[in-house]
Amino acid sequence: MTTVTELRIRLRLALLAVVTLVGVLLPALPAAPHEASMAVITLREIAPGRYLGQWTMPPADPTLQPIFPAHCRWEPPELVCGERGLIGRLSFMGLGSTQSVATIRVIPRDGPMQAYTVSAAKPTAMAARDPGTDLAVWLDLAETYVNLGIDHILRGIDHLLFVLGLIWLTSSGWMLVRTITAFTVGHSISLAAATFGWVGIPEKPLNAAIALSIVFVGVEIVKLQRGEIGLTARYPWIVAFAFGLLHGLGFATALTNLGIPQATLPIALLFFNIGVEIGQLAFVFAVLALIWAHRQARAVLPRWGAALPAYAIGSIAAFWFLARV
Amino acid sequence: MRTKARLLAAATVAAALAAPTAAHAHLVDTRLGDFYGGALHPLTELDQLLPWVALAALAAFQGARRARWVIVAFPLALLAGGAAALLLPAPPFGPILGIGLVAATGLALAAAARLPLPVLIGLSTVMGLLHGLQNGQGLPASTDRLLFLAGATAAGYAVMTLATGGALAFLRGVGGWRPIALRATGSWVAAVGIMVLGLQFAAPATAG
């Protein structure tokens with residue numbers, strides 16, 4: 001009896017914590033799935049130290065311009081770097097909220113293609129002739145992709161809403177740990193599988209299914225509030241793992257769209273996933289802190305409004321589903 | 001010696017508060033878009049963050065039943081103020097009122113004043129409206145205003161909730177020194193507010 005009462009109190013606290021956030025966020029939520037706004041410029045080496053550049057994925061912000069090392073001369077579409085070749089710092093001018101990520105792909109006359117991704121958080125990348133042996137380049141890669149992972153989860157309101165639903169469904173700290181871990185394992189598996197090209201789902205139905213997963217969680221929360229403690233409430237980690245597989249495929253689109261060469265793909269995947277986990281944990285701790293603060297202030301929703309946030313989340317996710325279909 | 005150090009610290013905070021005399025919105029590039037830019041904007045403005053924390057501590061002195069109203073009233077007022085900024089210019093008395101609110105909230109906290117609930121809600125609403133108005137001013141055309149204001153409101157909600165909950169938990173702890181510590185904090189906030197208020201009035205005279 002006490003457990004059920006505690007569960008109800010916890011739920012109401014979570015409801016109140018969420019209702020304000022949802023109320024604030026709802027008007028601003030995009031109907032379309034969140035996508036990393038990126039641009040890709042491809043440089044093909046036509047003679048030693050001479051490259052021909054072309055935007056293969058044009059920037060959303062037309063003022064975006066690549067910045068090459070000082071010894072290189074950029075006169076679009078030609079880049080001349082002389083005998084040293086294209087080595088040194090690469091960057092972009094104009095990265096910001098409109099254009100958050102940009103990639104420079106270099107196709108040498110001999111050797112594999114290389115890709116250098118730059119974001120507003122990590123505004124430079126280091127180009128080297130052989131990234132496989134250069135520690136600085138690997139560290140550079142780690143910094144870039146960890147930041148990209150953090151960016152992706154924090155900008156992905158659909159993923160965050162799903163995680164919020166999972167927190168809501170759990171009744172104890174230990175169950176929350178298991179549930180979030182299951183979600184992490186699930187999305188890590190599918191993220192790796194999709195990035196390596198072992199599995200693939202077209203982006204539209206995938207994004208629609210992700211929206212549907214949030215609707216499902218919303219329905220389960222309402223059922224739980226009505227006292228119908230089903231499989232999801234008892235074992236939320238199963239739902240977390242299953243839908244984690246789905247969300248991982250969504251995470252993968254951020255990586256596969258960058259066109260990372262196979263040689264650097266495993267390390268990029270690893271660091272991207274670490275970034276996603278950092279962002280996810282930060283969100284979980286923020287929500288838990290807000291729940292704790294609401295408990296201290298005894299700020300709970302009235303009984304009549306307890307189900308409103310769940311309906312709000314379900315409704316907005318249903319809207320996403322329809323918009324994405 | 002300690003008094004001198006305290007005065008120096010208060011003067012430093014006062015100088016930081018006095019610097020942005022006009023209502024303006026500096027954009028914080030978070031790389032994560034305008035929502036997070038809006039969320040970080042008030043958090044990097046001492047003249048907003050300081051009275052928020054003081055208001056939360058003042059609310060905690062009123063007990064949980066009254067304090068929880070601040071968690072609702074303040075973010076809603078912040079949002080309303082931000083929305084009003086899309087239509088209205090910044091009020092000329094905004095900076096003075098803002099500093100006055102810092103001083104008044106600090107004084108009330110230092111005195112551990114027991115406020116009637118309408119007064120507490122009114123104070124939260126006025127502060128929220130004013131800061132919302134200030135947050136929404138001077139945004140570049142490229143900024144998504146809806147996202148920016150949503151971010152600022154979410155930050156207001158999060159800060160107010162965490163600070164109120166934290167202050168309530170702090171006051172519930174064992175030790176008679178806890179209310180004194182919070183009141184001392186209030187006296188610092190009041191001192192800063194009064195110093196900046198003085199600077200505001202002194203500045204035109206010295207400039208001439």
# chains A, B, ... in the order shown; residues from 1 in each chain; ligands from 1

call {"tool": "residues_around", "arguments": {"residues": "segment 146-154 of chain A", "least_positions_apart": "5", "cutoff": "7 Å", "atoms": "only C-alpha atoms", "output": "list in words"}}
result
Ala121, His159, Phe271, Phe272, Asn273, Ile274, Gly275, Val276, Ile278, Gly279 and Gln280 of chain A; Leu32 of chain B

call {"tool": "write_last_selection", "arguments": {"atoms": "C-alpha atoms", "output": "compact mmCIF listing (two decimals), in the first residue's frame"}}
result
# COMPACT_ATOMS: atom_id res chain seq x y z
CA ALA A 121 31.68 23.44 -30.47
CA HIS A 159 14.75 11.16 -27.95
CA PHE A 271 33.14 8.68 -29.55
CA PHE A 272 29.77 9.68 -30.99
CA ASN A 273 28.09 7.10 -28.75
CA ILE A 274 30.04 8.35 -25.72
CA GLY A 275 28.79 11.85 -26.52
CA VAL A 276 25.20 10.60 -26.76
CA ILE A 278 26.99 12.07 -21.76
CA GLY A 279 24.09 14.15 -23.08
CA GLN A 280 21.54 11.53 -22.04
CA LEU B 32 22.85 23.97 -29.85

call {"tool": "interface_residues", "arguments": {"of": "chain B", "to": "chain A", "cutoff": "7 Å", "atoms": "only C-alpha atoms", "output": "PyMOL selection string"}}
result
chain B and resi 31-34+64+67-68+146-147+150+153-154+161-162+165-166+168-169

call {"tool": "residues_around", "arguments": {"residues": "Thr117 of chain A", "least_positions_apart": "2", "cutoff": "7 Å", "atoms": "only C-alpha atoms", "output": "number ranges by chain"}}
result
A: 102-104, 115, 119, 125, 144

call {"tool": "write_last_selection", "arguments": {"atoms": "C-alpha atoms", "output": "short mmCIF file (atom, residue, chain, number, x, y, z; two decimals), in the first residue's frame"}}
result
data_model
loop_
_atom_site.label_atom_id
_atom_site.label_comp_id
_atom_site.auth_asym_id
_atom_site.auth_seq_id
_atom_site.Cartn_x
_atom_site.Cartn_y
_atom_site.Cartn_z
CA ALA A 102 30.31 20.99 -41.67
CA THR A 103 32.60 18.41 -43.21
CA ILE A 104 35.57 18.68 -45.54
CA ALA A 115 36.78 13.40 -43.87
CA SER A 119 31.16 21.89 -35.47
CA ALA A 125 39.94 19.84 -37.28
CA THR A 144 34.75 16.27 -32.62
#

call {"tool": "closest_residue", "arguments": {"among": "B:Ala112, B:Leu101, B:Ile96, B:Met160", "to": "Leu197 of chain B", "atoms": "only C-alpha atoms"}}
result
B:Ile96

call {"tool": "atom_distance", "arguments": {"atom1": "atom CA of Thr256 of chain A", "atom2": "atom CA of Val106 of chain A"}}
result
16.8 Å

call {"tool": "decode", "arguments": {"residues": "segment 75-171 of chain A", "atoms": "C-alpha atoms", "output": "compact mmCIF listing (two decimals), in the first residue's frame"}}
result
# COMPACT_ATOMS: atom_id res chain seq x y z
CA GLU A 75 40.30 30.64 -54.74
CA PRO A 76 37.02 28.80 -55.25
CA PRO A 77 36.78 26.29 -56.68
CA GLU A 78 40.56 25.75 -56.54
CA LEU A 79 42.70 25.13 -53.49
CA VAL A 80 46.48 25.28 -53.87
CA CYS A 81 48.57 23.99 -50.97
CA GLY A 82 51.92 23.44 -52.71
CA GLU A 83 54.37 20.70 -51.86
CA ARG A 84 53.25 20.35 -48.24
CA GLY A 85 49.79 19.39 -49.36
CA LEU A 86 46.65 19.80 -47.33
CA ILE A 87 47.90 19.45 -43.77
CA GLY A 88 47.13 21.64 -40.75
CA ARG A 89 44.07 23.21 -39.21
CA LEU A 90 40.77 23.19 -41.06
CA SER A 91 37.83 25.29 -40.01
CA PHE A 92 34.70 27.05 -41.21
CA MET A 93 33.65 30.66 -40.89
CA GLY A 94 29.95 31.11 -40.05
CA LEU A 95 29.21 27.97 -38.04
CA GLY A 96 26.38 28.56 -35.61
CA SER A 97 22.78 27.74 -34.96
CA THR A 98 21.82 27.71 -38.66
CA GLN A 99 24.75 25.55 -39.68
CA SER A 100 25.95 23.45 -36.79
CA VAL A 101 28.16 20.91 -38.55
CA ALA A 102 30.31 20.99 -41.67
CA THR A 103 32.60 18.41 -43.21
CA ILE A 104 35.57 18.68 -45.54
CA ARG A 105 36.08 15.51 -47.57
CA VAL A 106 39.44 15.13 -49.20
CA ILE A 107 39.93 12.68 -52.07
CA PRO A 108 43.69 12.31 -52.64
CA ARG A 109 45.14 11.12 -55.93
CA ASP A 110 46.29 8.00 -54.15
CA GLY A 111 45.13 6.69 -50.82
CA PRO A 112 41.76 6.56 -49.12
CA MET A 113 39.33 9.44 -48.82
CA GLN A 114 39.51 11.42 -45.59
CA ALA A 115 36.78 13.40 -43.87
CA TYR A 116 37.20 16.16 -41.31
CA THR A 117 34.11 17.22 -39.42
CA VAL A 118 33.91 20.58 -37.72
CA SER A 119 31.16 21.89 -35.47
CA ALA A 120 30.59 25.17 -33.67
CA ALA A 121 31.68 23.44 -30.47
CA LYS A 122 34.78 22.01 -32.03
CA PRO A 123 35.59 24.70 -34.55
CA THR A 124 38.77 23.21 -35.98
CA ALA A 125 39.94 19.84 -37.28
CA MET A 126 43.48 18.72 -37.96
CA ALA A 127 44.27 17.43 -41.42
CA ALA A 128 47.20 15.06 -41.69
CA ARG A 129 48.46 12.89 -44.46
CA ASP A 130 48.11 9.71 -42.43
CA PRO A 131 45.55 10.03 -39.64
CA GLY A 132 46.11 6.38 -38.73
CA THR A 133 49.37 7.09 -36.91
CA ASP A 134 48.92 10.67 -35.76
CA LEU A 135 47.77 10.80 -32.12
CA ALA A 136 46.80 14.47 -32.40
CA VAL A 137 44.43 13.64 -35.23
CA TRP A 138 42.82 10.83 -33.24
CA LEU A 139 42.34 13.12 -30.24
CA ASP A 140 40.91 15.68 -32.58
CA LEU A 141 38.53 13.07 -33.91
CA ALA A 142 37.47 12.12 -30.37
CA GLU A 143 36.71 15.71 -29.43
CA THR A 144 34.75 16.27 -32.62
CA TYR A 145 32.54 13.20 -32.35
CA VAL A 146 31.92 13.36 -28.59
CA ASN A 147 30.65 16.90 -29.13
CA LEU A 148 28.60 15.79 -32.10
CA GLY A 149 26.98 13.05 -29.97
CA ILE A 150 26.15 15.52 -27.18
CA ASP A 151 24.73 17.96 -29.73
CA HIS A 152 22.64 15.28 -31.36
CA ILE A 153 20.93 14.04 -28.19
CA LEU A 154 20.39 17.52 -26.73
CA ARG A 155 18.87 18.82 -29.95
CA GLY A 156 16.79 15.67 -30.33
CA ILE A 157 13.65 16.53 -28.42
CA ASP A 158 11.99 13.27 -29.52
CA HIS A 159 14.75 11.16 -27.95
CA LEU A 160 14.64 13.27 -24.78
CA LEU A 161 10.86 12.96 -24.51
CA PHE A 162 11.19 9.20 -24.77
CA VAL A 163 13.82 9.14 -22.00
CA LEU A 164 11.53 11.37 -19.91
CA GLY A 165 8.74 8.84 -20.38
CA LEU A 166 11.04 6.06 -19.23
CA ILE A 167 11.93 8.00 -16.07
CA TRP A 168 8.23 8.47 -15.49
CA LEU A 169 7.48 4.78 -15.83
CA THR A 170 10.05 3.65 -13.31
CA SER A 171 9.13 3.40 -9.66
